[in-house]
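Structure file model29.csv (CSV, C-alpha atoms) is printed below.
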chain,number,residue,atom,x,y,z
W,1,MET,CA,20.9,-16.1,-48.9
W,2,ALA,CA,19.4,-13.1,-50.7
W,3,ALA,CA,21.9,-10.8,-48.9
W,4,LEU,CA,24.7,-12.4,-50.8
W,5,ASN,CA,23.2,-11.5,-54.2
W,6,ARG,CA,22.3,-7.9,-53.5
W,7,THR,CA,24.3,-5.2,-55.4
W,8,PRO,CA,25.5,-1.9,-54.0
W,9,SER,CA,22.8,-0.2,-56.1
W,10,ASP,CA,19.9,-1.8,-54.2
W,11,ARG,CA,18.0,1.2,-53.0
W,12,SER,CA,16.6,-0.6,-49.9
W,13,HIS,CA,19.9,-1.8,-48.6
W,14,PHE,CA,23.4,-0.8,-47.6
W,15,MET,CA,26.4,-3.0,-47.9
W,16,LEU,CA,28.7,-3.3,-44.8
W,17,MET,CA,32.1,-4.4,-46.0
W,18,GLY,CA,33.6,-5.4,-42.7
W,19,ILE,CA,37.3,-4.4,-42.5
W,20,PRO,CA,38.5,-3.5,-46.0
W,21,SER,CA,41.9,-4.7,-47.1
W,22,LEU,CA,41.7,-7.5,-44.5
W,23,GLU,CA,38.9,-9.6,-46.1
W,24,ALA,CA,41.2,-12.6,-46.2
W,25,ALA,CA,41.7,-12.4,-42.4
W,26,HIS,CA,38.0,-11.9,-41.5
W,27,VAL,CA,37.8,-15.4,-40.0
W,28,TRP,CA,40.8,-14.9,-37.9
W,29,ILE,CA,39.7,-11.4,-36.8
W,30,SER,CA,36.4,-12.9,-35.7
W,31,ILE,CA,38.1,-15.0,-33.0
W,32,PRO,CA,39.1,-12.1,-30.7
W,33,PHE,CA,35.8,-10.4,-31.6
W,34,SER,CA,33.7,-13.3,-30.5
W,35,MET,CA,35.9,-14.0,-27.4
W,36,PHE,CA,35.6,-10.3,-26.2
W,37,TYR,CA,31.9,-10.4,-26.8
W,38,ILE,CA,31.3,-13.7,-24.9
W,39,ILE,CA,33.5,-12.7,-22.0
W,40,GLY,CA,31.7,-9.3,-21.8
W,41,LEU,CA,28.3,-10.9,-21.9
W,42,PHE,CA,29.2,-13.5,-19.2
W,43,GLY,CA,30.8,-10.9,-17.0
W,44,ASN,CA,27.9,-8.3,-17.2
W,45,PHE,CA,25.2,-10.9,-16.9
W,46,THR,CA,27.0,-12.3,-13.8
W,47,VAL,CA,27.0,-8.8,-12.3
W,48,LEU,CA,23.3,-8.4,-13.0
W,49,PHE,CA,22.6,-11.9,-11.5
W,50,VAL,CA,24.6,-11.3,-8.3
W,51,VAL,CA,23.1,-7.9,-7.6
W,52,GLY,CA,19.6,-9.0,-8.5
W,53,LYS,CA,19.9,-12.1,-6.2
W,54,GLU,CA,21.3,-10.4,-3.2
W,55,GLN,CA,19.0,-8.0,-1.3
W,56,THR,CA,22.0,-6.5,0.5
W,57,LEU,CA,23.3,-5.2,-2.8
W,58,HIS,CA,20.2,-3.2,-3.7
W,59,GLN,CA,22.0,0.0,-3.1
W,60,PRO,CA,22.7,3.1,-5.2
W,61,MET,CA,26.3,2.1,-6.1
W,62,TYR,CA,25.3,-1.4,-7.3
W,63,LEU,CA,22.3,0.1,-9.2
W,64,LEU,CA,24.7,2.3,-11.1
W,65,ILE,CA,26.9,-0.8,-11.8
W,66,CYS,CA,23.9,-2.6,-13.1
W,67,MET,CA,23.0,0.3,-15.4
W,68,LEU,CA,26.6,0.3,-16.7
W,69,ALA,CA,26.4,-3.5,-17.3
W,70,ILE,CA,23.1,-3.1,-19.3
W,71,THR,CA,24.6,-0.4,-21.6
W,72,ASP,CA,27.7,-2.5,-22.1
W,73,ILE,CA,25.6,-5.5,-23.2
W,74,GLY,CA,23.6,-3.2,-25.5
W,75,THR,CA,26.6,-1.5,-27.2
W,76,SER,CA,28.5,-4.7,-27.9
W,77,THR,CA,25.3,-6.5,-29.1
W,78,SER,CA,24.6,-3.7,-31.5
W,79,ILE,CA,27.9,-4.4,-33.3
W,80,VAL,CA,29.2,-8.0,-32.8
W,81,PRO,CA,26.4,-10.2,-34.2
W,82,LYS,CA,26.3,-8.4,-37.5
W,83,ALA,CA,30.1,-8.2,-37.7
W,84,LEU,CA,30.3,-12.0,-37.2
W,85,CYS,CA,27.7,-12.5,-39.9
W,86,ILE,CA,30.0,-10.6,-42.2
W,87,PHE,CA,33.2,-12.4,-41.1
W,88,TRP,CA,31.7,-15.9,-41.2
W,89,PHE,CA,28.9,-16.0,-43.8
W,90,ASN,CA,29.6,-12.9,-45.9
W,91,LEU,CA,26.2,-11.5,-45.1
W,92,LYS,CA,26.9,-7.9,-45.8
W,93,GLY,CA,23.5,-6.6,-46.7
W,94,ILE,CA,21.5,-4.5,-44.2
W,95,THR,CA,18.3,-2.5,-44.8
W,96,VAL,CA,18.4,1.3,-44.6
W,97,GLY,CA,15.9,1.2,-41.7
W,98,GLY,CA,17.9,-1.5,-39.9
W,99,CYS,CA,21.1,0.4,-40.3
W,100,LEU,CA,19.7,3.7,-38.9
W,101,THR,CA,18.0,1.8,-36.1
W,102,ARG,CA,21.3,0.2,-35.1
W,103,MET,CA,23.0,3.5,-35.3
W,104,PHE,CA,20.4,5.1,-33.0
W,105,PHE,CA,20.7,2.4,-30.3
W,106,LEU,CA,24.5,2.1,-30.5
W,107,HIS,CA,25.1,5.9,-30.0
W,108,ALA,CA,22.2,6.3,-27.6
W,109,LEU,CA,23.6,3.6,-25.3
W,110,THR,CA,27.0,5.2,-25.6
W,111,ALA,CA,25.6,8.5,-24.5
W,112,ILE,CA,23.8,6.8,-21.5
W,113,HIS,CA,27.1,5.0,-20.6
W,114,SER,CA,28.8,8.4,-20.5
W,115,ALA,CA,26.0,9.8,-18.3
W,116,ILE,CA,26.4,6.9,-15.9
W,117,LEU,CA,30.1,7.5,-15.5
W,118,ALA,CA,29.4,11.1,-14.7
W,119,THR,CA,26.8,10.1,-12.1
W,120,MET,CA,29.3,7.6,-10.6
W,121,ALA,CA,31.8,10.5,-10.2
W,122,PHE,CA,29.2,12.5,-8.4
W,123,TYR,CA,28.5,9.5,-6.2
W,124,ARG,CA,32.2,9.3,-5.3
W,125,TYR,CA,32.2,13.0,-4.5
W,126,ILE,CA,29.2,12.7,-2.1
W,127,ALA,CA,30.6,9.6,-0.5
W,128,ILE,CA,34.0,11.2,0.3
W,129,CYS,CA,33.2,14.9,0.7
W,130,ASN,CA,29.8,14.7,2.4
W,131,PRO,CA,29.5,11.3,4.0
W,132,LEU,CA,27.0,12.4,6.6
W,133,ARG,CA,24.4,13.3,4.0
W,134,TYR,CA,25.3,10.5,1.7
W,135,ALA,CA,22.3,8.2,2.6
W,136,THR,CA,19.8,11.0,2.2
W,137,ILE,CA,21.2,12.4,-1.0
W,138,LEU,CA,21.9,9.2,-3.0
W,139,THR,CA,18.8,7.1,-2.6
W,140,ASN,CA,17.8,4.4,-5.1
W,141,ALA,CA,14.9,6.6,-6.3
W,142,ARG,CA,17.2,9.5,-7.0
W,143,ILE,CA,19.7,7.3,-8.8
W,144,ALA,CA,16.8,5.9,-10.9
W,145,LYS,CA,15.8,9.5,-11.7
W,146,LEU,CA,19.3,10.4,-12.8
W,147,GLY,CA,19.3,7.3,-15.0
W,148,LEU,CA,16.0,8.4,-16.6
W,149,MET,CA,17.5,11.8,-17.2
W,150,GLY,CA,20.5,10.2,-18.9
W,151,LEU,CA,18.1,8.2,-21.1
W,152,THR,CA,16.0,11.2,-22.0
W,153,ARG,CA,19.2,13.2,-22.9
W,154,ALA,CA,20.4,10.4,-25.1
W,155,VAL,CA,17.1,10.1,-27.0
W,156,LEU,CA,16.8,13.9,-27.5
W,157,PHE,CA,20.3,14.3,-28.8
W,158,ILE,CA,20.7,11.0,-30.8
W,159,LEU,CA,17.2,10.5,-32.3
W,160,PRO,CA,17.4,13.6,-34.7
W,161,LEU,CA,20.4,12.1,-36.5
W,162,PRO,CA,18.7,9.0,-38.1
W,163,LEU,CA,15.6,11.1,-38.7
W,164,LEU,CA,17.7,13.6,-40.7
W,165,LEU,CA,19.4,10.8,-42.6
W,166,THR,CA,16.1,9.3,-43.7
W,167,ARG,CA,15.4,12.5,-45.6
W,168,GLN,CA,18.7,12.3,-47.5
W,169,PRO,CA,18.9,10.9,-51.0
W,170,PHE,CA,21.6,8.2,-51.1
W,171,CYS,CA,23.9,7.7,-54.1
W,172,THR,CA,24.0,4.5,-56.2
W,173,ASN,CA,27.1,3.2,-54.5
W,174,ARG,CA,25.8,2.3,-51.1
W,175,ILE,CA,28.9,0.6,-49.7
W,176,ILE,CA,29.8,1.3,-46.0
W,177,PRO,CA,33.5,0.4,-45.4
W,178,HIS,CA,32.8,-0.6,-41.8
W,179,THR,CA,31.5,-3.4,-39.6
W,180,TYR,CA,28.6,-1.2,-38.4
W,181,CYS,CA,26.7,1.8,-39.5
W,182,ASP,CA,29.0,4.6,-38.6
W,183,PRO,CA,27.2,8.0,-38.8
W,184,MET,CA,29.9,9.8,-40.8
W,185,ALA,CA,30.2,6.9,-43.2
W,186,VAL,CA,26.4,7.0,-43.8
W,187,VAL,CA,26.5,10.8,-44.2
W,188,LYS,CA,29.3,10.5,-46.9
W,189,MET,CA,27.0,8.2,-49.0
W,190,SER,CA,24.4,10.9,-49.4
W,191,CYS,CA,24.1,12.8,-52.7
W,192,GLY,CA,22.3,15.8,-51.0
W,193,ASP,CA,23.6,18.6,-48.8
W,194,THR,CA,25.0,17.0,-45.7
W,195,LYS,CA,26.8,20.0,-44.2
W,196,PHE,CA,24.2,20.3,-41.4
W,197,ASP,CA,24.2,16.5,-40.7
W,198,GLY,CA,28.0,16.4,-40.4
W,199,ILE,CA,28.1,19.4,-38.1
W,200,TYR,CA,25.3,17.9,-36.0
W,201,VAL,CA,27.2,14.6,-35.5
W,202,LEU,CA,30.3,16.5,-34.3
W,203,VAL,CA,28.4,19.0,-32.1
W,204,VAL,CA,26.4,16.2,-30.3
W,205,ALA,CA,29.6,14.2,-29.7
W,206,PHE,CA,31.3,17.3,-28.3
W,207,ILE,CA,28.3,18.3,-26.1
W,208,ILE,CA,27.7,14.8,-24.6
W,209,ILE,CA,31.3,13.7,-24.0
W,210,GLY,CA,32.5,17.2,-23.3
W,211,LEU,CA,29.8,17.9,-20.7
W,212,ASP,CA,30.3,14.5,-19.0
W,213,LEU,CA,34.1,14.8,-18.9
W,214,THR,CA,33.7,18.3,-17.4
W,215,LEU,CA,31.4,17.1,-14.6
W,216,ILE,CA,33.8,14.2,-13.9
W,217,ALA,CA,36.8,16.5,-13.8
W,218,LEU,CA,34.9,18.9,-11.5
W,219,SER,CA,33.9,16.0,-9.1
W,220,TYR,CA,37.4,14.7,-8.9
W,221,GLY,CA,38.8,18.2,-8.4
W,222,LEU,CA,36.6,18.6,-5.4
W,223,ILE,CA,37.5,15.1,-4.2
W,224,ILE,CA,41.3,15.9,-4.5
W,225,ARG,CA,40.8,19.2,-2.6
W,226,ALA,CA,38.9,17.4,0.2
W,227,VAL,CA,41.5,14.6,0.4
W,228,LEU,CA,44.4,17.1,0.6
W,229,ARG,CA,42.8,18.7,3.6
W,230,ILE,CA,43.0,15.4,5.5
W,231,SER,CA,46.3,15.1,7.4
W,232,SER,CA,46.2,11.3,7.7
W,233,LYS,CA,48.1,9.5,5.0
W,234,THR,CA,46.0,6.4,5.7
W,235,ALA,CA,42.8,8.4,4.9
W,236,HIS,CA,44.5,9.6,1.7
W,237,GLN,CA,45.1,6.0,0.6
W,238,LYS,CA,41.6,4.9,1.5
W,239,ALA,CA,40.0,7.8,-0.4
W,240,LEU,CA,42.1,7.0,-3.5
W,241,ASN,CA,41.3,3.3,-3.2
W,242,THR,CA,37.6,4.1,-3.1
W,243,CYS,CA,37.9,5.8,-6.5
W,244,THR,CA,40.2,3.2,-8.1
W,245,ALA,CA,37.5,1.1,-9.8
W,246,HIS,CA,35.7,4.2,-11.3
W,247,ILE,CA,39.0,5.7,-12.6
W,248,CYS,CA,39.9,2.4,-14.3
W,249,VAL,CA,36.5,2.1,-15.9
W,250,MET,CA,36.7,5.7,-17.1
W,251,LEU,CA,40.2,5.0,-18.6
W,252,THR,CA,38.9,2.0,-20.5
W,253,SER,CA,35.9,3.9,-21.8
W,254,TYR,CA,37.2,7.4,-22.7
W,255,THR,CA,40.8,6.6,-23.7
W,256,PRO,CA,39.8,4.4,-26.8
W,257,PHE,CA,37.2,7.1,-27.7
W,258,LEU,CA,39.7,10.0,-27.6
W,259,PHE,CA,42.4,7.9,-29.3
W,260,THR,CA,40.0,7.0,-32.1
W,261,SER,CA,38.9,10.6,-32.5
W,262,MET,CA,42.5,11.8,-32.7
W,263,THR,CA,43.4,9.2,-35.3
W,264,HIS,CA,40.4,10.2,-37.4
W,265,ARG,CA,41.4,13.9,-37.1
W,266,PHE,CA,45.1,13.8,-37.4
W,267,GLY,CA,46.0,10.3,-38.7
W,268,GLN,CA,45.5,10.9,-42.4
W,269,GLY,CA,48.4,8.5,-43.2
W,270,ILE,CA,47.0,5.7,-41.1
W,271,PRO,CA,45.3,2.9,-43.2
W,272,PRO,CA,41.5,2.8,-43.0
W,273,TYR,CA,41.4,-0.7,-41.5
W,274,VAL,CA,43.3,0.6,-38.5
W,275,HIS,CA,40.6,3.2,-37.9
W,276,ILE,CA,37.9,0.5,-38.2
W,277,ILE,CA,39.7,-1.9,-35.8
W,278,LEU,CA,40.2,0.9,-33.2
W,279,ALA,CA,36.5,1.9,-33.5
W,280,ASN,CA,35.4,-1.7,-32.9
W,281,LEU,CA,37.7,-2.1,-30.0
W,282,TYR,CA,36.1,1.0,-28.4
W,283,PHE,CA,32.8,-0.8,-28.3
W,284,LEU,CA,34.3,-4.2,-27.4
W,285,VAL,CA,37.0,-3.8,-24.8
W,286,PRO,CA,35.2,-1.7,-22.1
W,287,PRO,CA,32.2,-4.1,-21.9
W,288,MET,CA,34.7,-6.9,-21.4
W,289,LEU,CA,36.8,-5.2,-18.8
W,290,ASN,CA,34.2,-3.2,-16.8
W,291,PRO,CA,32.7,-6.2,-15.0
W,292,ILE,CA,36.1,-7.6,-14.2
W,293,ILE,CA,37.2,-4.3,-12.7
W,294,TYR,CA,34.2,-3.9,-10.5
W,295,GLY,CA,34.1,-7.6,-9.6
W,296,VAL,CA,37.7,-7.4,-8.4
W,297,LYS,CA,37.6,-4.0,-6.7
W,298,THR,CA,34.2,-4.3,-5.0
W,299,LYS,CA,34.4,-6.6,-2.0
W,300,GLU,CA,30.7,-7.2,-1.7
W,301,LEU,CA,30.3,-8.3,-5.4
W,302,CYS,CA,33.3,-10.6,-5.0
W,303,ASP,CA,32.1,-12.1,-1.8
W,304,ASN,CA,28.5,-12.7,-3.0
W,305,HIS,CA,29.7,-14.1,-6.3
W,306,SER,CA,32.0,-16.6,-4.5
W,307,ARG,CA,29.2,-17.6,-2.2
W,308,LEU,CA,26.6,-18.1,-5.0
W,309,THR,CA,29.1,-20.0,-7.1
W,310,ILE,CA,30.0,-22.3,-4.2
W,311,ALA,CA,26.3,-22.8,-3.3
W,312,SER,CA,25.5,-23.6,-6.9
W,313,LEU,CA,28.3,-26.1,-7.4
W,314,ARG,CA,27.6,-27.7,-4.0
W,315,ALA,CA,24.1,-28.3,-5.1
W,316,GLN,CA,25.3,-30.0,-8.3
W,317,SER,CA,28.3,-32.0,-7.1
W,318,GLY,CA,28.4,-32.0,-3.4
W,319,PRO,CA,30.7,-29.9,-1.2
W,320,VAL,CA,33.1,-27.6,-3.1
W,321,CYS,CA,36.1,-25.4,-2.4
W,322,PHE,CA,36.5,-22.2,-4.4
W,323,GLY,CA,34.3,-23.7,-7.1
W,324,ILE,CA,36.4,-27.0,-7.0
W,325,PRO,CA,34.7,-30.2,-5.7
W,326,VAL,CA,36.2,-31.2,-2.4
W,327,PHE,CA,37.3,-34.6,-3.7
W,328,LEU,CA,39.6,-32.7,-6.0
W,329,VAL,CA,40.8,-30.4,-3.3
W,330,ARG,CA,41.5,-33.3,-1.0
W,331,SER,CA,43.9,-34.7,-3.5
W,332,GLN,CA,46.0,-31.6,-2.7
W,333,ASN,CA,45.6,-32.1,1.0
W,334,THR,CA,43.2,-29.2,1.5
W,335,THR,CA,39.6,-28.8,2.4
W,336,LEU,CA,37.0,-26.1,3.1
W,337,THR,CA,35.7,-25.6,6.6
W,338,GLY,CA,33.6,-22.8,7.9
W,339,GLY,CA,34.5,-20.4,5.1
W,340,PHE,CA,38.2,-21.2,5.3
W,341,LEU,CA,40.6,-23.1,3.1
W,342,GLN,CA,42.6,-25.4,5.3
W,343,ASN,CA,45.8,-27.4,4.6
W,344,LEU,CA,45.4,-30.8,6.1
W,345,SER,CA,49.1,-31.6,5.6
W,346,GLU,CA,50.2,-28.9,8.0
W,347,PRO,CA,50.5,-29.6,11.8
W,348,ARG,CA,47.9,-28.4,14.2
W,349,GLN,CA,48.7,-25.7,16.9
W,350,ASN,CA,46.5,-25.5,19.9
W,351,GLY,CA,44.1,-27.9,18.3
W,352,ALA,CA,43.6,-25.7,15.2
W,353,LEU,CA,44.8,-25.9,11.7
W,354,CYS,CA,47.8,-23.6,11.0
W,355,SER,CA,46.9,-22.6,7.4
W,356,ARG,CA,43.5,-20.9,7.3
W,357,THR,CA,42.6,-18.6,4.4
W,358,ARG,CA,39.2,-16.9,4.3
W,359,ILE,CA,37.6,-16.8,0.8
W,360,SER,CA,37.0,-13.1,1.1
W,361,ASP,CA,40.7,-12.5,1.6
W,362,PHE,CA,41.1,-13.1,-2.2
W,363,CYS,CA,38.7,-10.2,-2.9
W,364,SER,CA,40.0,-6.6,-2.7
W,365,SER,CA,37.7,-4.1,-1.2
W,366,GLU,CA,36.7,-0.4,-1.4
W,367,PRO,CA,37.3,0.9,2.1
W,368,LYS,CA,35.0,3.3,3.7
W,369,ILE,CA,36.3,6.7,4.5
W,370,LYS,CA,36.2,7.8,8.1
W,371,HIS,CA,36.6,11.5,9.0

I need this file expressed as structure tokens, please.
Amino acid sequence: MAALNRTPSDRSHFMLMGIPSLEAAHVWISIPFSMFYIIGLFGNFTVLFVVGKEQTLHQPMYLLICMLAITDIGTSTSIVPKALCIFWFNLKGITVGGCLTRMFFLHALTAIHSAILATMAFYRYIAICNPLRYATILTNARIAKLGLMGLTRAVLFILPLPLLLTRQPFCTNRIIPHTYCDPMAVVKMSCGDTKFDGIYVLVVAFIIIGLDLTLIALSYGLIIRAVLRISSKTAHQKALNTCTAHICVMLTSYTPFLFTSMTHRFGQGIPPYVHIILANLYFLVPPMLNPIIYGVKTKELCDNHSRLTIASLRAQSGPVCFGIPVFLVRSQNTTLTGGFLQNLSEPRQNGALCSRTRISDFCSSEPKIKH
């Protein structure tokens, strides 16, 4: 319990204050924090398990989805455990080295996440605009190389920041009014010249996010141009449906970031705790929603998850229907036969059951584009 007794003047530690002005509500705030974190972990680990288990899913698109899931797990884990320690146990102390290490991993993973989204936009462009060369251009090996490039870029741009901060003399008052080690908050605690450090933080954010958003906009501009050249309205709809999941993930990722940046720049009248809550939601909401979006909008993931869930539950409790034991389903006059849900109370026609619903019908799909 030494962390409880440390003072802000302890030279080896910083003090994370959580959400200032809302200390009395920390326990209540921890409830949505922990729920978002648990849902995000469960969803992303489920995606990793399903893709790893199924050989048919070892394809470039699912490799990118797995990369996205890993970064989502890393970003939320860099924040939530420490935040819950503050909310539940008032453990506010963190070593300087630990603070700078968390800062590096958090923002490096954020940079990798942005690079993956840009790569996914390029993937959509190739799949729609150049489908005949798709299999030769986007191989697993090439996707792995692009992921390695994103990792290298993140390390090269983010690593100098904690290294610069280790050389700064910090003032006596080492209180960070945040739940995690925000770079600008740490810079403000320095008693030395931090002009270069502050500029570096802003320039790196602009370069990484700006470059990736430019590549994404370029890819979708080319996609829209190609789609408009197709006369068939059905093909238009299929092309847009193919991009729906990626667009939703981009909106959940970039919208909170841009909104948080705008409130920091122009929202001087907004209370500090609002900025902190928005900053935390930026790292909590996308990891929770991304696996749900890809699980619903990607037919193969949905089908294989349903099949693995049913197989697992059948092994534990006998036959199951949609994850529900058959003895429970039979109480509602339904059963599962040959991959179909069947209503036993409805009359037969031509010796077959009238109501037959395939499990995969409950999963939406990303249609393939035919030119």

Q) So which residues touch Phe283 in chain W within 9 Å, counting only C-alpha atoms, skipping near sequence neighbours fewer than 4 positions away, as an MDAnalysis selection string? A) chainID W and resid 72 75:76 79 110 253 256 279 287

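The spacing separating CA of Lys92 in chain W from CA of Cys181 in chain W amounts to 11.6 Å.
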
Q: Rank nothing, just name the residue among W:Ile73, W:Ile158, W:Leu211, W:Leu222 nearest to Tyr37 in chain W, using all atoms listed in the file.
A: W:Ile73

Q: Would you list the contacts of range 241-250 of chain W as a ChimeraX atom specification, taking every protein, DNA or RNA residue within 8 Å and counting only C-alpha atoms, but skipping same-chain residues closer than 2 positions in sequence?
A: /W:117,120-121,124,237-239,252-255,286,289-290,293-294,297-298,366-368

Q | Closest of W:Ser190, W:Thr46, W:Ser12, W:Thr234 to Cys302 in chain W - atom-to-atom distances counting all atoms listed in the file | A |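 Using all atoms listed in the file, Cys302 in chain W sits closest to W:Thr46.
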
Q: In Å, rounded to a single decimal, give me how far CA of Ser30 in chain W is from CA of Thr71 in chain W.
A: 22.2 Å

Q) Near Ile39 in chain W, counting all atoms listed in the file, which residues have an atom at most 10 Å away, once you skip same-chain residues fewer than 3 positions from it, shown as an MDAnalysis selection string? A) chainID W and resid 34:36 42:45 285 287:289 291:292

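Among the candidate residues W:Ile277, W:Leu163, W:Ile207, W:Leu109, the one lying nearest to His26 in chain W is W:Ile277, with distances computed using only C-alpha atoms.
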
Q: Report the distance between CA of Tyr220 in chain W and CA of Tyr125 in chain W in Å, rounded to one decimal place.
A: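 Result for CA of Tyr220 in chain W versus CA of Tyr125 in chain W: 7.0 Å, one decimal.
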
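Using all atoms listed in the file, the smallest distance between any of W:Ile209, W:Leu165, W:Ile310, W:Cys129 and Gly221 in chain W comes from W:Cys129.
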
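In terms of minimum interatomic distance to Ile116 in chain W, W:Arg153 ranks closest within W:Leu278, W:Thr309, W:Arg153, W:Asp182, counting all atoms listed in the file.
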
Q. Between W:Ile128, W:Ile38, W:Phe266, W:Val50, which has the minimum distance to Ile224 in chain W (counting only C-alpha atoms)?
A. W:Ile128

Q.
as number ranges by chain, please: the residues near Gly98 in chain W (cut-off 10 Å, all atoms listed in the file, same-chain neighbours under 6 positions excluded).
A. W: 13-14, 104, 181

Q: Identify, on the basis of all atoms listed in the file, every residue whose closest approach to range 176-179 of chain W does not exceed 10 Å; exclude the query and any residue fewer than 3 positions from it along the same chain; express the result as a ChimeraX atom specification.
A: /W:8,14-21,79-80,82-87,92,173,182,184-186,188-189,272-273,275-277,279-280
